[in-house]
file run.txt (compact mmCIF, N, CA and C atoms)
# COMPACT_ATOMS: atom_id res chain seq x y z
N MET A 1 20.76 -32.20 8.09
CA MET A 1 19.37 -32.50 7.84
C MET A 1 18.46 -31.79 8.85
N LEU A 2 18.89 -31.75 10.10
CA LEU A 2 18.12 -31.07 11.13
C LEU A 2 17.99 -29.59 10.81
N ALA A 3 19.07 -29.00 10.30
CA ALA A 3 19.04 -27.58 9.94
C ALA A 3 17.98 -27.32 8.87
N LEU A 4 17.83 -28.22 7.93
CA LEU A 4 16.82 -28.08 6.87
C LEU A 4 15.42 -28.10 7.47
N TYR A 5 15.16 -29.00 8.40
CA TYR A 5 13.86 -29.06 9.04
C TYR A 5 13.58 -27.80 9.85
N ILE A 6 14.59 -27.29 10.49
CA ILE A 6 14.43 -26.04 11.25
C ILE A 6 14.09 -24.90 10.31
N LEU A 7 14.80 -24.80 9.18
CA LEU A 7 14.52 -23.74 8.21
C LEU A 7 13.11 -23.86 7.65
N ILE A 8 12.69 -25.06 7.32
CA ILE A 8 11.34 -25.27 6.80
C ILE A 8 10.31 -24.87 7.86
N GLY A 9 10.55 -25.27 9.09
CA GLY A 9 9.65 -24.90 10.19
C GLY A 9 9.56 -23.40 10.38
N LEU A 10 10.70 -22.72 10.32
CA LEU A 10 10.70 -21.26 10.45
C LEU A 10 9.97 -20.60 9.28
N ALA A 11 10.14 -21.13 8.10
CA ALA A 11 9.45 -20.58 6.92
C ALA A 11 7.94 -20.73 7.08
N ILE A 12 7.50 -21.88 7.52
CA ILE A 12 6.06 -22.10 7.73
C ILE A 12 5.54 -21.18 8.82
N LEU A 13 6.27 -21.05 9.89
CA LEU A 13 5.88 -20.17 10.97
C LEU A 13 5.78 -18.72 10.49
N SER A 14 6.73 -18.29 9.68
CA SER A 14 6.71 -16.92 9.14
C SER A 14 5.47 -16.68 8.30
N VAL A 15 5.13 -17.65 7.46
CA VAL A 15 3.94 -17.52 6.62
C VAL A 15 2.68 -17.44 7.48
N LEU A 16 2.61 -18.23 8.52
CA LEU A 16 1.45 -18.19 9.42
C LEU A 16 1.34 -16.86 10.14
N VAL A 17 2.45 -16.32 10.59
CA VAL A 17 2.44 -15.03 11.28
C VAL A 17 1.95 -13.94 10.33
N VAL A 18 2.46 -13.92 9.11
CA VAL A 18 2.02 -12.92 8.12
C VAL A 18 0.53 -13.09 7.84
N ALA A 19 0.08 -14.32 7.66
CA ALA A 19 -1.33 -14.57 7.37
C ALA A 19 -2.22 -14.08 8.52
N LEU A 20 -1.79 -14.32 9.74
CA LEU A 20 -2.56 -13.86 10.90
C LEU A 20 -2.61 -12.34 10.97
N ARG A 21 -1.50 -11.69 10.66
CA ARG A 21 -1.47 -10.23 10.68
C ARG A 21 -2.38 -9.67 9.60
N ILE A 22 -2.36 -10.28 8.42
CA ILE A 22 -3.20 -9.82 7.33
C ILE A 22 -4.67 -10.05 7.68
N GLY A 23 -4.95 -11.11 8.39
CA GLY A 23 -6.31 -11.40 8.80
C GLY A 23 -6.92 -10.31 9.67
N ARG A 24 -6.09 -9.49 10.24
CA ARG A 24 -6.58 -8.39 11.07
C ARG A 24 -7.29 -7.31 10.25
N ARG A 25 -7.19 -7.40 8.95
CA ARG A 25 -7.78 -6.35 8.12
C ARG A 25 -9.26 -6.18 8.42
N GLN A 26 -9.94 -7.25 8.86
CA GLN A 26 -11.35 -7.13 9.19
C GLN A 26 -11.56 -6.26 10.42
N LYS A 27 -10.51 -6.04 11.18
CA LYS A 27 -10.63 -5.25 12.39
C LYS A 27 -10.53 -3.75 12.13
N ILE A 28 -10.40 -3.36 10.88
CA ILE A 28 -10.41 -1.94 10.56
C ILE A 28 -11.83 -1.46 10.80
N SER A 29 -11.96 -0.50 11.66
CA SER A 29 -13.30 -0.04 12.04
C SER A 29 -14.00 0.64 10.87
N PRO A 30 -15.32 0.61 10.88
CA PRO A 30 -16.07 1.31 9.83
C PRO A 30 -15.72 2.80 9.76
N GLN A 31 -15.46 3.41 10.93
CA GLN A 31 -15.09 4.82 10.96
C GLN A 31 -13.76 5.05 10.26
N THR A 32 -12.81 4.16 10.49
CA THR A 32 -11.50 4.29 9.85
C THR A 32 -11.63 4.07 8.35
N LYS A 33 -12.43 3.11 7.95
CA LYS A 33 -12.65 2.89 6.52
C LYS A 33 -13.23 4.14 5.87
N ARG A 34 -14.23 4.74 6.53
CA ARG A 34 -14.82 5.97 5.99
C ARG A 34 -13.79 7.08 5.89
N LYS A 35 -12.96 7.20 6.93
CA LYS A 35 -11.92 8.23 6.92
C LYS A 35 -10.95 8.02 5.76
N LEU A 36 -10.52 6.79 5.56
CA LEU A 36 -9.60 6.50 4.46
C LEU A 36 -10.25 6.78 3.10
N LEU A 37 -11.51 6.42 2.95
CA LEU A 37 -12.21 6.71 1.70
C LEU A 37 -12.38 8.21 1.49
N GLN A 38 -12.62 8.96 2.57
CA GLN A 38 -12.70 10.41 2.45
C GLN A 38 -11.35 11.00 2.07
N MET A 39 -10.30 10.48 2.65
CA MET A 39 -8.95 10.93 2.28
C MET A 39 -8.70 10.64 0.81
N TRP A 40 -9.16 9.47 0.36
CA TRP A 40 -8.97 9.13 -1.05
C TRP A 40 -9.72 10.12 -1.95
N ASP A 41 -10.92 10.51 -1.54
CA ASP A 41 -11.67 11.51 -2.32
C ASP A 41 -10.87 12.80 -2.45
N GLU A 42 -10.17 13.17 -1.39
CA GLU A 42 -9.32 14.38 -1.44
C GLU A 42 -8.15 14.19 -2.41
N VAL A 43 -7.59 13.01 -2.44
CA VAL A 43 -6.51 12.71 -3.38
C VAL A 43 -7.00 12.96 -4.81
N GLU A 44 -8.18 12.46 -5.11
CA GLU A 44 -8.73 12.58 -6.46
C GLU A 44 -8.93 14.04 -6.89
N LYS A 45 -9.08 14.94 -5.93
CA LYS A 45 -9.33 16.35 -6.24
C LYS A 45 -8.06 17.14 -6.56
N HIS A 46 -6.89 16.57 -6.28
CA HIS A 46 -5.64 17.30 -6.51
C HIS A 46 -5.45 17.61 -7.99
N ASP A 47 -5.04 18.84 -8.26
CA ASP A 47 -4.70 19.25 -9.64
C ASP A 47 -3.24 18.96 -9.95
N ASN A 48 -2.40 19.00 -8.93
CA ASN A 48 -0.96 18.80 -9.11
C ASN A 48 -0.68 17.30 -9.15
N ASP A 49 -0.17 16.82 -10.28
CA ASP A 49 0.06 15.38 -10.45
C ASP A 49 1.06 14.83 -9.45
N ASN A 50 2.15 15.57 -9.20
CA ASN A 50 3.14 15.09 -8.23
C ASN A 50 2.50 14.92 -6.86
N GLN A 51 1.75 15.92 -6.44
CA GLN A 51 1.11 15.88 -5.13
C GLN A 51 0.08 14.75 -5.05
N LYS A 52 -0.60 14.52 -6.15
CA LYS A 52 -1.62 13.47 -6.18
C LYS A 52 -0.99 12.09 -5.90
N VAL A 53 0.15 11.81 -6.52
CA VAL A 53 0.82 10.53 -6.30
C VAL A 53 1.32 10.43 -4.86
N LEU A 54 1.92 11.51 -4.36
CA LEU A 54 2.42 11.50 -2.98
C LEU A 54 1.30 11.25 -1.98
N GLU A 55 0.20 11.95 -2.16
CA GLU A 55 -0.93 11.81 -1.24
C GLU A 55 -1.60 10.45 -1.36
N ALA A 56 -1.64 9.90 -2.56
CA ALA A 56 -2.24 8.58 -2.76
C ALA A 56 -1.49 7.52 -1.96
N GLU A 57 -0.15 7.59 -2.02
CA GLU A 57 0.62 6.61 -1.26
C GLU A 57 0.44 6.81 0.24
N LYS A 58 0.26 8.05 0.68
CA LYS A 58 0.04 8.30 2.11
C LYS A 58 -1.23 7.61 2.61
N VAL A 59 -2.26 7.61 1.78
CA VAL A 59 -3.51 6.96 2.19
C VAL A 59 -3.29 5.44 2.33
N VAL A 60 -2.57 4.86 1.39
CA VAL A 60 -2.27 3.43 1.48
C VAL A 60 -1.40 3.16 2.70
N GLU A 61 -0.45 4.03 2.96
CA GLU A 61 0.40 3.91 4.15
C GLU A 61 -0.45 3.90 5.42
N MET A 62 -1.43 4.79 5.48
CA MET A 62 -2.32 4.83 6.66
C MET A 62 -3.12 3.53 6.79
N LEU A 63 -3.56 3.00 5.67
CA LEU A 63 -4.27 1.72 5.70
C LEU A 63 -3.37 0.63 6.28
N PHE A 64 -2.15 0.54 5.78
CA PHE A 64 -1.22 -0.47 6.29
C PHE A 64 -0.95 -0.28 7.78
N ARG A 65 -0.85 0.96 8.20
CA ARG A 65 -0.62 1.25 9.62
C ARG A 65 -1.82 0.74 10.44
N GLU A 66 -3.02 0.98 9.95
CA GLU A 66 -4.22 0.49 10.64
C GLU A 66 -4.25 -1.03 10.71
N MET A 67 -3.65 -1.66 9.72
CA MET A 67 -3.58 -3.13 9.70
C MET A 67 -2.42 -3.64 10.55
N GLU A 68 -1.70 -2.73 11.17
CA GLU A 68 -0.56 -3.03 12.04
C GLU A 68 0.56 -3.73 11.30
N ILE A 69 0.76 -3.36 10.04
CA ILE A 69 1.88 -3.85 9.26
C ILE A 69 3.06 -2.94 9.58
N GLN A 70 4.18 -3.51 9.96
CA GLN A 70 5.33 -2.75 10.44
C GLN A 70 6.36 -2.52 9.34
N GLY A 71 7.18 -1.48 9.52
CA GLY A 71 8.31 -1.23 8.64
C GLY A 71 8.10 -0.06 7.71
N SER A 72 9.05 0.09 6.81
CA SER A 72 8.95 1.14 5.79
C SER A 72 7.84 0.77 4.82
N PHE A 73 7.48 1.69 3.94
CA PHE A 73 6.44 1.38 2.98
C PHE A 73 6.84 0.19 2.12
N ALA A 74 8.10 0.15 1.70
CA ALA A 74 8.57 -0.97 0.87
C ALA A 74 8.47 -2.29 1.64
N THR A 75 8.81 -2.28 2.91
CA THR A 75 8.70 -3.48 3.73
C THR A 75 7.24 -3.91 3.87
N LYS A 76 6.37 -2.94 4.05
CA LYS A 76 4.94 -3.24 4.16
C LYS A 76 4.42 -3.84 2.85
N LEU A 77 4.87 -3.29 1.73
CA LEU A 77 4.46 -3.85 0.44
C LEU A 77 4.93 -5.29 0.29
N LYS A 78 6.15 -5.56 0.71
CA LYS A 78 6.65 -6.95 0.63
C LYS A 78 5.79 -7.87 1.48
N THR A 79 5.41 -7.41 2.65
CA THR A 79 4.56 -8.20 3.54
C THR A 79 3.20 -8.46 2.91
N MET A 80 2.69 -7.45 2.21
CA MET A 80 1.33 -7.51 1.67
C MET A 80 1.25 -8.03 0.24
N GLU A 81 2.37 -8.27 -0.40
CA GLU A 81 2.38 -8.61 -1.83
C GLU A 81 1.34 -9.65 -2.23
N ALA A 82 1.21 -10.69 -1.46
CA ALA A 82 0.28 -11.77 -1.82
C ALA A 82 -1.18 -11.36 -1.66
N PHE A 83 -1.42 -10.23 -1.02
CA PHE A 83 -2.79 -9.84 -0.68
C PHE A 83 -3.25 -8.57 -1.38
N ILE A 84 -2.41 -8.01 -2.26
CA ILE A 84 -2.81 -6.78 -2.94
C ILE A 84 -2.96 -7.03 -4.43
N PRO A 85 -3.92 -6.34 -5.05
CA PRO A 85 -4.11 -6.49 -6.49
C PRO A 85 -3.01 -5.78 -7.27
N ASP A 86 -2.61 -6.35 -8.40
CA ASP A 86 -1.65 -5.73 -9.31
C ASP A 86 -0.36 -5.28 -8.62
N LYS A 87 0.28 -6.21 -7.93
CA LYS A 87 1.45 -5.86 -7.13
C LYS A 87 2.55 -5.20 -7.95
N GLU A 88 2.72 -5.60 -9.21
CA GLU A 88 3.77 -4.98 -10.04
C GLU A 88 3.46 -3.51 -10.28
N LYS A 89 2.18 -3.22 -10.49
CA LYS A 89 1.77 -1.83 -10.72
C LYS A 89 1.91 -1.00 -9.44
N VAL A 90 1.67 -1.62 -8.31
CA VAL A 90 1.84 -0.91 -7.03
C VAL A 90 3.31 -0.61 -6.80
N TRP A 91 4.18 -1.58 -7.10
CA TRP A 91 5.62 -1.32 -6.96
C TRP A 91 6.06 -0.19 -7.90
N ALA A 92 5.53 -0.18 -9.13
CA ALA A 92 5.87 0.90 -10.07
C ALA A 92 5.38 2.24 -9.53
N ALA A 93 4.20 2.25 -8.93
CA ALA A 93 3.66 3.49 -8.34
C ALA A 93 4.53 3.96 -7.18
N HIS A 94 5.01 3.03 -6.38
CA HIS A 94 5.89 3.39 -5.25
C HIS A 94 7.21 3.95 -5.77
N LYS A 95 7.76 3.34 -6.81
CA LYS A 95 9.00 3.85 -7.38
C LYS A 95 8.80 5.25 -7.96
N LEU A 96 7.65 5.48 -8.58
CA LEU A 96 7.33 6.81 -9.10
C LEU A 96 7.24 7.81 -7.95
N ARG A 97 6.59 7.41 -6.87
CA ARG A 97 6.49 8.27 -5.69
C ARG A 97 7.88 8.64 -5.18
N ASN A 98 8.79 7.66 -5.16
CA ASN A 98 10.16 7.92 -4.71
C ASN A 98 10.88 8.90 -5.62
N GLN A 99 10.65 8.78 -6.93
CA GLN A 99 11.26 9.74 -7.85
C GLN A 99 10.76 11.15 -7.55
N ILE A 100 9.47 11.28 -7.34
CA ILE A 100 8.89 12.60 -7.04
C ILE A 100 9.50 13.15 -5.76
N ALA A 101 9.60 12.31 -4.75
CA ALA A 101 10.07 12.75 -3.43
C ALA A 101 11.57 13.03 -3.39
N HIS A 102 12.36 12.34 -4.20
CA HIS A 102 13.81 12.40 -4.03
C HIS A 102 14.58 13.02 -5.19
N GLU A 103 13.92 13.29 -6.30
CA GLU A 103 14.60 13.90 -7.44
C GLU A 103 14.07 15.31 -7.64
N PRO A 104 14.85 16.30 -7.23
CA PRO A 104 14.40 17.69 -7.36
C PRO A 104 14.00 18.02 -8.80
N GLY A 105 12.86 18.66 -8.93
CA GLY A 105 12.40 19.08 -10.25
C GLY A 105 11.72 17.99 -11.06
N PHE A 106 11.59 16.79 -10.51
CA PHE A 106 10.95 15.71 -11.26
C PHE A 106 9.49 16.07 -11.49
N LYS A 107 9.03 15.91 -12.72
CA LYS A 107 7.63 16.18 -13.06
C LYS A 107 7.02 14.92 -13.64
N VAL A 108 6.03 14.41 -12.97
CA VAL A 108 5.36 13.17 -13.39
C VAL A 108 4.37 13.49 -14.52
N SER A 109 4.23 12.56 -15.45
CA SER A 109 3.29 12.75 -16.54
C SER A 109 1.86 12.46 -16.06
N ARG A 110 0.90 12.97 -16.78
CA ARG A 110 -0.51 12.72 -16.44
C ARG A 110 -0.81 11.22 -16.54
N SER A 111 -0.26 10.58 -17.55
CA SER A 111 -0.48 9.15 -17.74
C SER A 111 0.09 8.34 -16.57
N ASP A 112 1.31 8.65 -16.16
CA ASP A 112 1.92 7.94 -15.02
C ASP A 112 1.14 8.19 -13.74
N THR A 113 0.62 9.41 -13.60
CA THR A 113 -0.20 9.73 -12.42
C THR A 113 -1.44 8.85 -12.40
N LYS A 114 -2.09 8.71 -13.54
CA LYS A 114 -3.29 7.88 -13.61
C LYS A 114 -2.98 6.43 -13.24
N HIS A 115 -1.89 5.90 -13.78
CA HIS A 115 -1.53 4.51 -13.50
C HIS A 115 -1.21 4.31 -12.02
N ALA A 116 -0.46 5.23 -11.45
CA ALA A 116 -0.06 5.11 -10.04
C ALA A 116 -1.28 5.22 -9.12
N THR A 117 -2.11 6.21 -9.35
CA THR A 117 -3.26 6.38 -8.46
C THR A 117 -4.25 5.23 -8.61
N LYS A 118 -4.36 4.69 -9.82
CA LYS A 118 -5.24 3.54 -10.02
C LYS A 118 -4.75 2.33 -9.23
N ALA A 119 -3.44 2.11 -9.22
CA ALA A 119 -2.87 0.98 -8.48
C ALA A 119 -3.12 1.15 -6.97
N PHE A 120 -2.88 2.36 -6.46
CA PHE A 120 -3.10 2.61 -5.04
C PHE A 120 -4.60 2.52 -4.70
N ARG A 121 -5.43 3.03 -5.60
CA ARG A 121 -6.88 3.03 -5.38
C ARG A 121 -7.42 1.61 -5.22
N LYS A 122 -6.91 0.68 -5.99
CA LYS A 122 -7.37 -0.71 -5.89
C LYS A 122 -7.14 -1.28 -4.50
N ILE A 123 -6.03 -0.91 -3.88
CA ILE A 123 -5.75 -1.39 -2.52
C ILE A 123 -6.78 -0.80 -1.55
N ILE A 124 -6.99 0.51 -1.65
CA ILE A 124 -7.93 1.17 -0.75
C ILE A 124 -9.32 0.56 -0.91
N LEU A 125 -9.77 0.36 -2.12
CA LEU A 125 -11.10 -0.20 -2.34
C LEU A 125 -11.21 -1.64 -1.84
N LYS A 126 -10.14 -2.41 -2.01
CA LYS A 126 -10.17 -3.81 -1.55
C LYS A 126 -10.39 -3.89 -0.04
N TYR A 127 -9.74 -3.02 0.70
CA TYR A 127 -9.80 -3.13 2.16
C TYR A 127 -10.78 -2.18 2.83
N CYS A 128 -11.32 -1.22 2.09
CA CYS A 128 -12.22 -0.24 2.72
C CYS A 128 -13.64 -0.27 2.18
N SER A 129 -13.90 -1.08 1.19
CA SER A 129 -15.26 -1.13 0.62
C SER A 129 -16.08 -2.22 1.28
call {"tool": "encode", "arguments": {"input": "run.txt", "output": "structure tokens"}}
result
Amino acid sequence: MLALYILIGLAILSVLVVALRIGRRQKISPQTKRKLLQMWDEVEKHDNDNQKVLEAEKVVEMLFREMEIQGSFATKLKTMEAFIPDKEKVWAAHKLRNQIAHEPGFKVSRSDTKHATKAFRKIILKYCS
């Protein structure tokens, strides 16, 4: 029974730690927000669909880094899941990015590019607008 209380306590503590870390998002400086939005504008200008998806995820990665979220991109997404819009679409966008990065010759469709960049864009706008 004591072990159950300890596990519940640790779970609550973990949730509080994550919530406190996420609360730091307000500490993103206006200059950093502008920089991330400018980087996003550059993403939108890409003609190459593969490059557009890769660069879009990089901007989100930089945002997470500014929020001091630790780990790989997938780990950061898990940490942020409760705080990002359309989490399923973001996971699909990340998986698409991995296909582009790790499967030689992979060519993303224009439609998939639109869906992926839209999912990443929502995160950037939520935290930088």
call {"tool": "atom_distance", "arguments": {"input": "run.txt", "atom1": "atom CA of Ala92 of chain A", "atom2": "atom C of Lys35 of chain A"}}
result
24.2 Å
call {"tool": "residues_around", "arguments": {"input": "run.txt", "residues": "segment 119-126 of chain A", "least_positions_apart": "4", "cutoff": "9 Å", "atoms": "only C-alpha atoms", "output": "ChimeraX atom specification"}}
result
/A:33,36-37,40,53,56-57,59-60,63,84-87,89-93,114-115
call {"tool": "residues_near_point", "arguments": {"input": "run.txt", "point": "(-0.4, 13.1, -3.5)", "cutoff": "7 Å", "atoms": "only N, CA and C atoms", "output": "PDB file with N, CA and C atoms, keeping the file's coordinate frame"}}
result
ATOM      1  N   VAL A  43      -7.590  13.010  -2.440  1.00  0.00           N
ATOM      2  CA  VAL A  43      -6.510  12.710  -3.380  1.00  0.00           C
ATOM      3  C   VAL A  43      -7.000  12.960  -4.810  1.00  0.00           C
ATOM      4  N   ASP A  49      -0.170  16.820 -10.280  1.00  0.00           N
ATOM      5  CA  ASP A  49       0.060  15.380 -10.450  1.00  0.00           C
ATOM      6  C   ASP A  49       1.060  14.830  -9.450  1.00  0.00           C
ATOM      7  N   ASN A  50       2.150  15.570  -9.200  1.00  0.00           N
ATOM      8  CA  ASN A  50       3.140  15.090  -8.230  1.00  0.00           C
ATOM      9  C   ASN A  50       2.500  14.920  -6.860  1.00  0.00           C
ATOM     10  N   GLN A  51       1.750  15.920  -6.440  1.00  0.00           N
ATOM     11  CA  GLN A  51       1.110  15.880  -5.130  1.00  0.00           C
ATOM     12  C   GLN A  51       0.080  14.750  -5.050  1.00  0.00           C
ATOM     13  N   LYS A  52      -0.600  14.520  -6.150  1.00  0.00           N
ATOM     14  CA  LYS A  52      -1.620  13.470  -6.180  1.00  0.00           C
ATOM     15  C   LYS A  52      -0.990  12.090  -5.900  1.00  0.00           C
ATOM     16  N   VAL A  53       0.150  11.810  -6.520  1.00  0.00           N
ATOM     17  CA  VAL A  53       0.820  10.530  -6.300  1.00  0.00           C
ATOM     18  C   VAL A  53       1.320  10.430  -4.860  1.00  0.00           C
ATOM     19  N   LEU A  54       1.920  11.510  -4.360  1.00  0.00           N
ATOM     20  CA  LEU A  54       2.420  11.500  -2.980  1.00  0.00           C
ATOM     21  C   LEU A  54       1.300  11.250  -1.980  1.00  0.00           C
ATOM     22  N   GLU A  55       0.200  11.950  -2.160  1.00  0.00           N
ATOM     23  CA  GLU A  55      -0.930  11.810  -1.240  1.00  0.00           C
ATOM     24  C   GLU A  55      -1.600  10.450  -1.360  1.00  0.00           C
ATOM     25  N   ALA A  56      -1.640   9.900  -2.560  1.00  0.00           N
ATOM     26  CA  ALA A  56      -2.240   8.580  -2.760  1.00  0.00           C
ATOM     27  C   ALA A  56      -1.490   7.520  -1.960  1.00  0.00           C
ATOM     28  N   GLU A  57      -0.150   7.590  -2.020  1.00  0.00           N
ATOM     29  CA  GLU A  57       0.620   6.610  -1.260  1.00  0.00           C
ATOM     30  C   GLU A  57       0.440   6.810   0.240  1.00  0.00           C
ATOM     31  N   LYS A  58       0.260   8.050   0.680  1.00  0.00           N
ATOM     32  CA  LYS A  58       0.040   8.300   2.110  1.00  0.00           C
ATOM     33  C   LYS A  58      -1.230   7.610   2.610  1.00  0.00           C
TER      34      LYS A  58
END
call {"tool": "atom_distance", "arguments": {"input": "run.txt", "atom1": "atom C of Glu81 of chain A", "atom2": "atom N of Arg110 of chain A"}}
result
26.9 Å
call {"tool": "atom_distance", "arguments": {"input": "run.txt", "atom1": "atom C of Lys78 of chain A", "atom2": "atom C of Ser109 of chain A"}}
result
27.1 Å
call {"tool": "select_by_dssp", "arguments": {"input": "run.txt", "residues": "chain A", "states": "alpha helix (DSSP H)", "output": "PyMOL selection string"}}
result
chain A and resi 2-23+30-45+49-66+73-80+87-102+110-128
call {"tool": "closest_residue", "arguments": {"input": "run.txt", "among": "A:Ile12, A:Ala116, A:Asp47, A:Phe73", "to": "Arg97 of chain A", "atoms": "only N, CA and C atoms"}}
result
A:Ala116
call {"tool": "closest_residue", "arguments": {"input": "run.txt", "among": "A:Lys118, A:His46, A:Arg34, A:Lys27", "to": "Glu66 of chain A", "atoms": "all atoms listed in the file"}}
result
A:Lys27
